[in-house]
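Engineer: Mind looking over this structure? Questions follow.
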Amino acid sequence: MRILSVGFIGAGAYVSGNHLPNVKANPGLKIRAICDLNEDTLAAHRRTYNPDYVTKNYREVLKDKEIDMVVIGTQHDIRYPIIRDAARAGKPVWVEKPMSMTPGESGRIARAVRGSGILFQVGYNRRFAPAIRDLKAALKAFPKIEAIYLRAIEERKLWPDWPFTPKHGGTLGSEVCHFMDLSTFLAGAEPTEIYARGNPMYATAITVSFENGAVAEIFCGVHGSAGYPKEHIEVFGGECTAVVRSFVELNVCGVAGFEDRSYDLAFDPAPGQHRDLPAFEALYRKNKWWRDHIPPEDFANKHYYRSQPQVNKGRYEAMDAFAAAVRDGAKTTGCNEWDGARATAMVIKAGLSYKRGKPVRIRPDDYGVER
């Protein structure tokens with residue numbers, strides 16, 4: 001297997017907490033360069049990851065002939081010119097979600113990516129989680145998909161402040177895009193209507209209707225306790241039921257031959273505890289204990305808690321799949337510019353629904369990208 005050299009452009013909290021350690025742990029990848037504007041961040045990453053070099057100029061990364069792929073993890077509003085320049089340099093690009101801020105920007109990104117022919121993937125990692133991959137396989141056996149329920153509730157005081165600004169849009173601007181993408185992935189159809197209620201900054205409730213008749217209900221926010229595991233997914237249709245409990249359990253009823261499954265934690269701070277319990281019950285107890293005993297230094301960092309039990313949301317698998325596609329010379333990936341543009345358009349339509357106080361229509365022409 002050819003080892004690929006990776007260049008990081010933007011290495012803040014999310015990249016530091018996820019992509020850098022995942023790339024370091026991947027035997028098929030090597031961290032060659034890390035670019036960030038924060039000198040303290042670069043100094044810390046130089047010590048931890050020992051890249052070949054660090055820089056504050058992303059163009060140095062794009063000029064580097066030894067770099068096989070770049071990971072762009074900057075803030076949302078400055079990604080397009082970096083993607084454009086990476087495309088011109090012929091570098092395969094992984095970009096964190098959301099891909100874009102507007103349909104117009106989605107169109108510019110798509111034209112840059114398609115015009116250069118580079119491989120391009122958007123970081124909607126939940127598609128790649130083992131529990132979601134198995135759920136998707138089970139859904140193929142459903143006679144039809146009728147209802148999808150997605151719940152993702154966290155705790156505001158454990159988040160940093162920057163997402164809850166007008167620029168970043170709070171829950172709607174920073175989190176909902178994940179579940180717009182996931183609901184579409186599970187429904188297997190394009191959305192037709194979006195109806196958003198609640199508080200877009202902190203507590204959203206969004207209904208999405210799809211071309212195939214499926215309806216998704218999304219509850220997402222920071223109005224709960226982090227002591228309870230964050231995510232829950234249910235899918236119903238054709239007298240079948242499938243439930244994913246926080247990525248550690250999958251229960252399927254009505255599908256012949258499909259057995260319930262459980263999944264290991266990506267990080268378990270107490271592997272010897274609650275081993276006699278079912279996977280979700282064990283996770284709940286560990287998570288609740290963690291919430292009551294967060295180390296002060298961990299709490300000060302906000303949101304990316306290395307002491308917290310971590311479920312497998314597919315971050316490692318998504319990056320590994322992208323690297324495999326780069327290695328194989330693939331033309332597309334499991335989550336491309338069309339998927340990124342759709343999620344952006346869905347969030348914008350949800351914002352419009354909030355303003356109007358009623359459902360709004362959405363169609364592929366609203367994405368800003370040609371199919």
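Each chain in the structure tokens gets a letter, A, B and so on, in the order shown; residues start at 1 in every chain, and ligands are counted from 1 in the order they appear.
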Could you list, as number ranges by chain, every residue within 8 Å of Ile148 in chain A, counting only C-alpha atoms and ignoring same-chain residues fewer than 2 positions away?
Structural biologist: A: 145-146, 150, 183, 187, 214-217, 233-236
Engineer: Excluding range 69-71 of chain A and residues on its chain fewer than 5 positions from it, collect all residues at most 12 Å away from it, counting only C-alpha atoms, and give them as a PyMOL selection string.
Structural biologist: chain A and resi 3-11+14-16+18-20+23+29-36+58-64+79+82-83+85-87+89-97+118-123+319-320+322-327
Engineer: For each of A:Ser116, A:Ser100, A:Gln308, A:Thr48, take the minimum atom-to-atom distance to Lys331 in chain A, counting only C-alpha atoms, then give the residue where this is smallest.
Structural biologist: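 Selected residue with least distance to Lys331 in chain A: A:Ser116.
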Engineer: Out of A:Gly73, A:Val54, A:Asp339, A:Phe299, which residue has the shortest atom-to-atom distance to Gly188 in chain A when counting only C-alpha atoms?
Structural biologist: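 Selected residue with least distance to Gly188 in chain A: A:Asp339.
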Engineer: Using only C-alpha atoms, which of A:Trp159, A:Tyr202, A:Phe219, A:Phe210 sits nearest His178 in chain A?
Structural biologist: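 Going through A:Trp159, A:Tyr202, A:Phe219, A:Phe210 one by one, the smallest distance to His178 in chain A is for A:Phe219.
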Engineer: With only C-alpha atoms as the counted atoms, please give the residues lying no more than 9 Å from range 152-156 of chain A, apart from itself and same-chain residues fewer than 3 positions off, as a VMD selection string.
Structural biologist: chain A and resid 159 to 161 179 202 to 203 218 to 233
Engineer: Dump C-alpha atoms for the selected residues as a JSON list (two decimals), in the first residue's frame?
Structural biologist:
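The resulting part-v8.json:
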```
[["chain", "number", "residue", "atom", "x", "y", "z"],
["A", 159, "TRP", "CA", -19.52, 24.34, 23.85],
["A", 160, "PRO", "CA", -17.16, 27.17, 22.89],
["A", 161, "ASP", "CA", -18.76, 30.55, 22.26],
["A", 179, "PHE", "CA", -28.31, 15.95, 9.84],
["A", 202, "TYR", "CA", -30.02, 26.77, 20.33],
["A", 203, "ALA", "CA", -32.94, 24.36, 19.78],
["A", 218, "ILE", "CA", -34.72, 16.45, 13.03],
["A", 219, "PHE", "CA", -34.28, 17.66, 16.60],
["A", 220, "CYS", "CA", -30.91, 19.33, 17.09],
["A", 221, "GLY", "CA", -29.61, 21.73, 19.72],
["A", 222, "VAL", "CA", -27.68, 22.45, 22.87],
["A", 223, "HIS", "CA", -30.59, 22.54, 25.32],
["A", 224, "GLY", "CA", -29.99, 19.18, 27.02],
["A", 225, "SER", "CA", -27.50, 17.56, 29.36],
["A", 226, "ALA", "CA", -24.25, 16.13, 28.02],
["A", 227, "GLY", "CA", -24.61, 13.38, 30.60],
["A", 228, "TYR", "CA", -26.94, 11.57, 28.21],
["A", 229, "PRO", "CA", -25.48, 10.28, 24.91],
["A", 230, "LYS", "CA", -26.03, 12.80, 22.14],
["A", 231, "GLU", "CA", -27.53, 11.02, 19.13],
["A", 232, "HIS", "CA", -30.43, 8.71, 18.32],
["A", 233, "ILE", "CA", -31.78, 7.60, 14.93]]
```
Engineer: Run DSSP on the backbone and tell me which residues of range 117-187 of chain A come out as alpha helix (DSSP H); list them as a PyMOL selection string.
Structural biologist: chain A and resi 130-139+170-174+176-187
Engineer: Work out how far CA of Asn199 in chain A is from CA of Thr165 in chain A, in Å to one decimal.
Structural biologist: 13.6 Å
Engineer: Taking 6 positions as the minimum chain separation for residues in the same chain, which residues sit within 8 Å of range 244-256 of chain A when counting only C-alpha atoms? Answer as a ChimeraX atom specification.
Structural biologist: /A:129-132,135,138,141-142,229-234,262-265,279-280,311-313
Engineer: Set the distance at 9 Å and use only C-alpha atoms: which residues neighbour Gln273 in chain A once local chain neighbours fewer than 3 positions away are removed? I'd like the list as a PyMOL selection string.
Structural biologist: chain A and resi 270+276+282+286
Engineer: Using Å and a single decimal, report how far CA of Pro364 in chain A sits from CA of Ala318 in chain A.
Structural biologist: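 Rounded to one decimal, the two atoms are 25.2 Å apart.
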Engineer: Here is a test: counting only C-alpha atoms, which residue of A:Arg114, A:Lys302, A:Arg84, A:Lys136 is nearest to Thr184 in chain A?
Structural biologist: A:Lys136
Engineer: Given only C-alpha atoms as the basis, pick out the residue of A:Gly314, A:Gly237, A:Gly170, A:Pro81 nearest to Arg127 in chain A.
Structural biologist: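 So, comparing all the options, the nearest one is A:Gly314.
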Engineer: Range 81-126 of chain A: which residues are strand (DSSP E or B) by DSSP, as an MDAnalysis selection string?
Structural biologist: chainID A and resid 93:95 120:122
Engineer: Output C-alpha atoms of each residue in that selection to a file, as a CSV table (one decimal), in the first residue's frame.
Structural biologist:
```
chain,number,residue,atom,x,y,z
A,93,VAL,CA,-9.2,17.9,-1.5
A,94,TRP,CA,-11.0,16.9,1.7
A,95,VAL,CA,-13.0,19.9,3.1
A,120,PHE,CA,-13.1,16.0,-3.7
A,121,GLN,CA,-14.8,15.0,-0.5
A,122,VAL,CA,-16.9,16.8,2.1
```
Engineer: Using only C-alpha atoms, pick whichever of A:Ala321, A:Val347, A:Leu139, A:Pro51 has the shortest atom-to-atom distance to Thr333 in chain A.
Structural biologist: A:Ala321
Engineer: Which value, in Å to one decimal, gives the distance between CA of Arg88 in chain A and CA of Ala110 in chain A?
Structural biologist: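 Answer for the CA of Arg88 in chain A to CA of Ala110 in chain A separation: 12.8 Å.
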